[in-house]
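K.L.:
This is the structure I have questions about; it appears just below.
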Amino acid sequence: MRKHLSLQYILIFILAQVAWLSLLGLWIYWYVSNYIIYSKVMEKTSTQMISERTNIIALVGGLILMVTVSVGMSLLFARLKSQIKITRFYDNFIANVTHELKSPLASIQLYLDTMNERRIPRSKQKKFLKQMMQDSSRLNDLINSILEISGLEQKKIPHRFKIVAAAPLIRSLVKEAGEQFKLQTKAIRVEGGVDCRIVVDRNALKIVFNNIVDNAVKYSAQKAQLRVHLKRTFKDLVIDFTDKGIGISAKEQKRIFDKFHRIYDVNVPSVKGTGLGLYWAKEIIKNHGGRISVFSEGRDKGSMFRIELPIYRTSQKRYVRKLLKMTQKMQKRLESNEGENHA
Amino acid sequence: MHKKSRILLVEDEESLARGLEFNLTEEGYRVTRASDGKKAIDVYESRNFDLVILDIMLPYCDGFEVARRIRVKSPQMPILMLTARTRLQDRVKGLEIGVDDYMTKPFHLRELLLRVRGMLKRKMWYQASTKTKPAYRFGANEIRFDDLTARAGDRMIRLTPHEAMVLKYLIDHKGKVVSRKELLENVWQIFSDVETRTVDNFIVRLRKYFERDPAKPIFIRSIRSAGYIFRE
């Protein structure tokens with residue numbers, strides 16, 4: 001239905017362009033034929049009826065106007081196309097988020113109904129309560145992530161950047177992610193060593209790591225196996241996350257970091273999600289002045305996520321200084337707020 | 001009798017599945033859980049069930065596909081779709097595949113249990129009554145209630161479970177006027193005073209299948225402001 005609609009728009013656009021161009025053609029034809037008639041008449045009467053300069057101005061001016069109109073239309077069309085894309089994303093988002101919100105809610109309601117309508121032994125009651133708490137924290141996480149992403153886009157989230165030694169931080173973040181997703185120590189290991197410092201917000205980077213590990217777990221047919229490799233180039237620290245999951249097709253690799261994008265493929269487990277995780281990761285890394293990218297040779301060949309973060313050096317860098325300054329400002333503001341509150 | 005019914009619960013949300021399993025077991029049903037589409041089809045093909053509760057968004061193979069596969073193997077299996085999707089097109093798609101009932105999350109436990117009980121009761125009634133007479137002939141038509149097929153002259157027709165049940169109910173009450181309300185209550189288990197076109201739509205379809213001239217029906221006749229009557 002949507003496809004049909006955008007096809008319609010393209011058709012309208014092409015028709016409009018054809019109409020303009022025909023008009024232009026017709027006009028030039030009319031101009032040239034008239035010009036020839038005028039010249040002939042002029043030759044015969046030997047009078048100077050029309051100034052040639054005005055003619056050329058009219059022609060060139062007209063052409064410029066036509067081109068302007070045409071360009072304007074193209075711009076409008078491009079804008080319309082992006083609007084359609086946004087609407088589609090939005091629909092995707094509504095469907096995904098509705099599902100993600102309703103599932104824990106349904107579970108909470110079920111347990112409440114159960115406890116309300118049945119006699120439940122004490123031990124079972126505790127289990128049910130625990131389950132409900134897990135569901136409500138899932139709801140909370142989801143709502144927070146939506147709010148934080150929108151804050152991040154508007155640069156309202158206070159990042160707390162610090163200069164830290166890279167290797168120990170990454171090792172501890174990987175360990176934490178492994179624990180969170182219940183991976184065995186063998187299933188996720190860090191290789192390679194680097195001796196450098198980076199400027200990061202630990203909590204934000206933790207979100208990135210968790211998202212990547214979460215994806216590896218979700219998109220692995222067997223138990224997830226992850227290798228995190230560290231190296232450095234002249235300017236950057238490079239962190240590679242390689243998994244043995246189901247891989248990503250070349251087409252999907254391009255769109256995987258898009259907002260609300262989710263892969264729909266019969267061979268891929270339709271794991272639930274909002275389509276925000278990797279977009280969030282990308283935004284965070286971008287805020288750190290780094291890059292995130294994905295490589296995969298295709299289906300069943302596993303995938304590799306690469307994060308590149310700028311290495312901190314004392315002699316440089318405006319960007320790093322800016323980040324640190326931002327954090328200081330934010331902290332000062334927080335402190336003064338706290339001071340006011342205490343007062 | 002239905003207390004020992006076997007239910008296949010296909011739900012990938014661990015906590016919801018656990019809660020449902022607990023409640024259904026408390027009601028006396030035997031519950032088997034499957035957490036993705038592929039597993040659901042495997043389990044379904046290896047064992048016998050009386051009812052399936054099915055989520056739509058499942059890993060590997062979605063609920064619609066699972067329902068389709070179940071329908072191919074057993075046209076009469078009651079399927080209750082339980083999903084967070086509320087869009088009309090999902091509902092329509094489910095009903096087109098032949099899902100018997102559709103509930104959206106979050107739902108009320110008591111309502112779910114009532115619907116499950118109703119679906120099982122209908123299944124039992126249908127099975128018991130079709131076992132003794134699996135086929136029925138009238139005019140140039142023959143209906144096979146066991147595999148939900150029918151022959152109208154030379155034409156072969158696949159019936160949906162609801163179509164077959166409406167027909168069965170009318171035939172069982174041959175010569176008596178059956179009201180719309182009665183059909184709604186016994187076939188759809190809908191207990192409501194709300195006027196509905198559901199029954200009429202089904203009758204229109206059945207007439208198209210089995211009447212020579214659907215505008216002047218011979219077998220399934222309307223009785224003004226009372227309902228329908230089946231006559232041979």
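A note on labels: chains of the structure tokens are A, B, ... as shown, every chain counts residues from 1, and ligands are counted from 1 in their shown order.
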Can you tell me which residues surround range 261-263 of chain A at a distance of at most 8 Å, considering only C-alpha atoms, apart from same-chain residues fewer than 3 positions away, and format the answer as a short mmCIF file (atom, residue, chain, number, x, y, z; two decimals) with N, CA and C atoms, in the first residue's frame?

P.N.:
data_model
loop_
_atom_site.label_atom_id
_atom_site.label_comp_id
_atom_site.auth_asym_id
_atom_site.auth_seq_id
_atom_site.Cartn_x
_atom_site.Cartn_y
_atom_site.Cartn_z
N PHE A 89 9.05 5.19 9.39
CA PHE A 89 9.82 4.91 10.60
C PHE A 89 8.93 5.02 11.83
N ASN A 92 6.70 2.11 12.25
CA ASN A 92 7.53 1.01 12.76
C ASN A 92 7.71 1.14 14.26
N GLU A 252 21.52 -5.00 4.74
CA GLU A 252 21.12 -4.61 6.09
C GLU A 252 22.24 -3.86 6.81
N ARG A 255 21.85 -0.22 6.89
CA ARG A 255 20.74 0.43 7.58
C ARG A 255 20.64 0.08 9.06
N ILE A 256 21.55 -0.78 9.50
CA ILE A 256 21.40 -1.35 10.84
C ILE A 256 21.48 -0.30 11.96
N PHE A 257 22.17 0.84 11.65
CA PHE A 257 22.28 1.88 12.68
C PHE A 257 21.18 2.94 12.56
N ASP A 258 20.27 2.74 11.60
CA ASP A 258 19.19 3.72 11.42
C ASP A 258 18.22 3.64 12.59
N VAL A 268 15.75 -15.01 9.99
CA VAL A 268 16.28 -14.37 11.19
C VAL A 268 15.24 -14.51 12.29
N SER A 270 12.80 -13.48 14.71
CA SER A 270 12.23 -12.14 14.82
C SER A 270 12.29 -11.69 16.27
N THR A 274 12.92 -2.46 19.96
CA THR A 274 12.33 -1.21 19.50
C THR A 274 13.02 -0.70 18.24
N GLY A 275 14.17 -1.28 17.91
CA GLY A 275 14.91 -0.75 16.77
C GLY A 275 15.66 0.51 17.16
N LEU A 276 15.95 0.64 18.46
CA LEU A 276 16.64 1.85 18.92
C LEU A 276 18.06 1.57 19.39
#

K.L.:
Counting only C-alpha atoms, which residues in chain B sit no more than 9 Å from chain A? For each one, give the nearest pair of atoms and the distance in Å, sorted by chain then residue number, as JSON lines.

P.N.:
{"residue": "B:Glu13", "atom": "CA", "partner": "A:Ser103", "partner_atom": "CA", "distance": 7.4}
{"residue": "B:Ser15", "atom": "CA", "partner": "A:Ser107", "partner_atom": "CA", "distance": 6.4}
{"residue": "B:Leu16", "atom": "CA", "partner": "A:Ser107", "partner_atom": "CA", "distance": 4.8}
{"residue": "B:Ala17", "atom": "CA", "partner": "A:Ser107", "partner_atom": "CA", "distance": 8.5}
{"residue": "B:Gly19", "atom": "CA", "partner": "A:Tyr111", "partner_atom": "CA", "distance": 6.5}
{"residue": "B:Leu20", "atom": "CA", "partner": "A:Leu110", "partner_atom": "CA", "distance": 7.7}
{"residue": "B:Asn23", "atom": "CA", "partner": "A:Thr114", "partner_atom": "CA", "distance": 7.3}
{"residue": "B:Asp36", "atom": "CA", "partner": "A:Pro269", "partner_atom": "CA", "distance": 8.7}
{"residue": "B:Met57", "atom": "CA", "partner": "A:Ser270", "partner_atom": "CA", "distance": 7.2}
{"residue": "B:Leu58", "atom": "CA", "partner": "A:Ser270", "partner_atom": "CA", "distance": 6.3}
{"residue": "B:Pro59", "atom": "CA", "partner": "A:Pro269", "partner_atom": "CA", "distance": 4.3}
{"residue": "B:Tyr60", "atom": "CA", "partner": "A:Pro269", "partner_atom": "CA", "distance": 4.0}
{"residue": "B:Cys61", "atom": "CA", "partner": "A:Val266", "partner_atom": "CA", "distance": 6.7}
{"residue": "B:Asp62", "atom": "CA", "partner": "A:Ser270", "partner_atom": "CA", "distance": 7.9}
{"residue": "B:Thr83", "atom": "CA", "partner": "A:His99", "partner_atom": "CA", "distance": 8.6}
{"residue": "B:Ala84", "atom": "CA", "partner": "A:His99", "partner_atom": "CA", "distance": 5.4}
{"residue": "B:Arg85", "atom": "CA", "partner": "A:His99", "partner_atom": "CA", "distance": 6.7}
{"residue": "B:Arg87", "atom": "CA", "partner": "A:Ala95", "partner_atom": "CA", "distance": 8.9}
{"residue": "B:Lys105", "atom": "CA", "partner": "A:Ala106", "partner_atom": "CA", "distance": 5.4}
{"residue": "B:Pro106", "atom": "CA", "partner": "A:Ala106", "partner_atom": "CA", "distance": 3.9}
{"residue": "B:Phe107", "atom": "CA", "partner": "A:Ala106", "partner_atom": "CA", "distance": 6.5}
{"residue": "B:His108", "atom": "CA", "partner": "A:Leu110", "partner_atom": "CA", "distance": 7.0}
{"residue": "B:Leu109", "atom": "CA", "partner": "A:Asp113", "partner_atom": "CA", "distance": 6.1}
{"residue": "B:Arg110", "atom": "CA", "partner": "A:Asp113", "partner_atom": "CA", "distance": 8.1}

K.L.:
Determine, counting only C-alpha atoms, which protein, DNA and RNA residues have an atom within 8 Å of an atom of Val217 in chain A; residues of the same chain fewer than 4 positions away are not included. Present the result as a list in words.

P.N.:
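In the requested format, the answer is Phe181, Val213, Lys223, Ala224 and Gly245 of chain A.
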
K.L.:
Enumerate the residues of range 87-323 of chain A with a DSSP assignment of strand (DSSP E or B), computed from the backbone, and present them as a PyMOL selection string.

P.N.:
chain A and resi 162-165+188-191+197-200+226-232+236-243+291-295+303-311

K.L.:
CA of Pro310 in chain A and CA of Ile170 in chain A are how many Å apart?

P.N.:
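Taking CA of Pro310 in chain A and CA of Ile170 in chain A, their separation equals 14.4 Å.
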
K.L.:
Tell me which protein, DNA and RNA residues are within 10 Å of range 161-178 of chain B, counting only C-alpha atoms, leaving out same-chain ones fewer than 5 positions away, and put them as JSON, numbers by chain.

P.N.:
{"B": [71, 75, 76, 77, 78, 98, 99, 100, 122, 123, 125, 126, 129, 130, 136, 138, 143, 144, 145, 146, 147, 148, 149, 150, 183, 184, 186, 187, 188, 199, 202, 203, 205, 206, 219, 220, 221, 222, 223, 226, 227, 228, 229, 230, 231, 232]}

K.L.:
Could you tell me how far CA of Ile41 in chain B sits from CA of Arg68 in chain B, in Å to one decimal place?

P.N.:
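Computing it gives 10.2 Å between the two atoms.
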
K.L.:
So that I can see what lies close to range 232-242 of chain A, please list as a compact mmCIF listing (two decimals) with C-alpha atoms, in the first residue's frame the residues with an atom at most 6 Å from it, counting only C-alpha atoms and leaving out residues fewer than 3 positions away in the same chain.

P.N.:
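Resulting contents of out-v2.txt:
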# COMPACT_ATOMS: atom_id res chain seq x y z
CA LEU A 226 32.15 -13.12 21.56
CA ARG A 227 35.71 -12.01 21.08
CA VAL A 228 36.66 -8.43 21.92
CA HIS A 229 39.90 -7.37 20.31
CA SER A 303 29.50 -10.23 12.37
CA MET A 304 32.00 -7.72 13.69
CA PHE A 305 31.15 -4.41 15.27
CA ARG A 306 34.02 -1.94 15.33
CA ILE A 307 34.21 1.04 17.64
CA GLU A 308 36.90 3.63 17.07
CA LEU A 309 37.54 6.18 19.80
CA PRO A 310 40.07 9.02 19.65
CA ILE A 311 43.09 8.49 21.89

K.L.:
Let's see if you can do this: from backbone DSSP, list all alpha helix (DSSP H) residues in range 62-148 of chain B, as a ChimeraX atom specification.

P.N.:
/B:63-73,88-97,109-132

K.L.:
Based on the selection just made, write C-alpha atoms of those residues as a PDB file, in the first residue's frame.

P.N.:
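And here is the file that came out, result.pdb:
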ATOM      1  CA  GLY B  63       2.199 -17.014  14.796  1.00  0.00           C
ATOM      2  CA  PHE B  64       0.339 -16.651  11.492  1.00  0.00           C
ATOM      3  CA  GLU B  65       2.613 -19.221   9.888  1.00  0.00           C
ATOM      4  CA  VAL B  66       2.246 -21.566  12.858  1.00  0.00           C
ATOM      5  CA  ALA B  67      -1.562 -21.231  12.633  1.00  0.00           C
ATOM      6  CA  ARG B  68      -1.454 -21.968   8.913  1.00  0.00           C
ATOM      7  CA  ARG B  69       0.605 -25.104   9.476  1.00  0.00           C
ATOM      8  CA  ILE B  70      -1.716 -26.262  12.229  1.00  0.00           C
ATOM      9  CA  ARG B  71      -4.759 -25.649  10.018  1.00  0.00           C
ATOM     10  CA  VAL B  72      -3.311 -27.812   7.228  1.00  0.00           C
ATOM     11  CA  LYS B  73      -2.881 -30.720   9.589  1.00  0.00           C
ATOM     12  CA  LEU B  88      -7.192  -4.304  12.476  1.00  0.00           C
ATOM     13  CA  GLN B  89      -5.209  -5.924   9.672  1.00  0.00           C
ATOM     14  CA  ASP B  90      -3.594  -8.369  12.133  1.00  0.00           C
ATOM     15  CA  ARG B  91      -6.983  -9.334  13.470  1.00  0.00           C
ATOM     16  CA  VAL B  92      -8.345  -9.815   9.963  1.00  0.00           C
ATOM     17  CA  LYS B  93      -5.300 -11.812   8.909  1.00  0.00           C
ATOM     18  CA  GLY B  94      -5.693 -14.090  11.916  1.00  0.00           C
ATOM     19  CA  LEU B  95      -9.363 -14.681  11.289  1.00  0.00           C
ATOM     20  CA  GLU B  96      -8.707 -15.316   7.605  1.00  0.00           C
ATOM     21  CA  ILE B  97      -6.239 -18.052   8.415  1.00  0.00           C
ATOM     22  CA  LEU B 109      -7.306 -13.733  33.327  1.00  0.00           C
ATOM     23  CA  ARG B 110     -10.940 -14.645  33.922  1.00  0.00           C
ATOM     24  CA  GLU B 111     -11.926 -13.740  30.379  1.00  0.00           C
ATOM     25  CA  LEU B 112      -9.107 -15.789  28.932  1.00  0.00           C
ATOM     26  CA  LEU B 113     -10.046 -18.834  30.981  1.00  0.00           C
ATOM     27  CA  LEU B 114     -13.711 -18.465  29.974  1.00  0.00           C
ATOM     28  CA  ARG B 115     -12.810 -18.299  26.322  1.00  0.00           C
ATOM     29  CA  VAL B 116     -10.542 -21.323  26.590  1.00  0.00           C
ATOM     30  CA  ARG B 117     -13.315 -23.270  28.301  1.00  0.00           C
ATOM     31  CA  GLY B 118     -15.832 -22.197  25.655  1.00  0.00           C
ATOM     32  CA  MET B 119     -13.569 -23.176  22.781  1.00  0.00           C
ATOM     33  CA  LEU B 120     -12.916 -26.591  24.275  1.00  0.00           C
ATOM     34  CA  LYS B 121     -16.628 -27.140  24.921  1.00  0.00           C
ATOM     35  CA  ARG B 122     -17.450 -26.295  21.307  1.00  0.00           C
ATOM     36  CA  LYS B 123     -14.768 -28.629  20.088  1.00  0.00           C
ATOM     37  CA  MET B 124     -16.139 -31.482  22.182  1.00  0.00           C
ATOM     38  CA  TRP B 125     -19.695 -30.876  21.031  1.00  0.00           C
ATOM     39  CA  TYR B 126     -18.577 -30.778  17.417  1.00  0.00           C
ATOM     40  CA  GLN B 127     -16.400 -33.861  17.719  1.00  0.00           C
ATOM     41  CA  ALA B 128     -19.007 -35.890  19.572  1.00  0.00           C
ATOM     42  CA  SER B 129     -21.722 -35.086  17.096  1.00  0.00           C
ATOM     43  CA  THR B 130     -19.611 -35.558  13.981  1.00  0.00           C
ATOM     44  CA  LYS B 131     -18.171 -38.869  15.154  1.00  0.00           C
ATOM     45  CA  THR B 132     -21.529 -40.604  14.822  1.00  0.00           C
TER      46      THR B 132
END
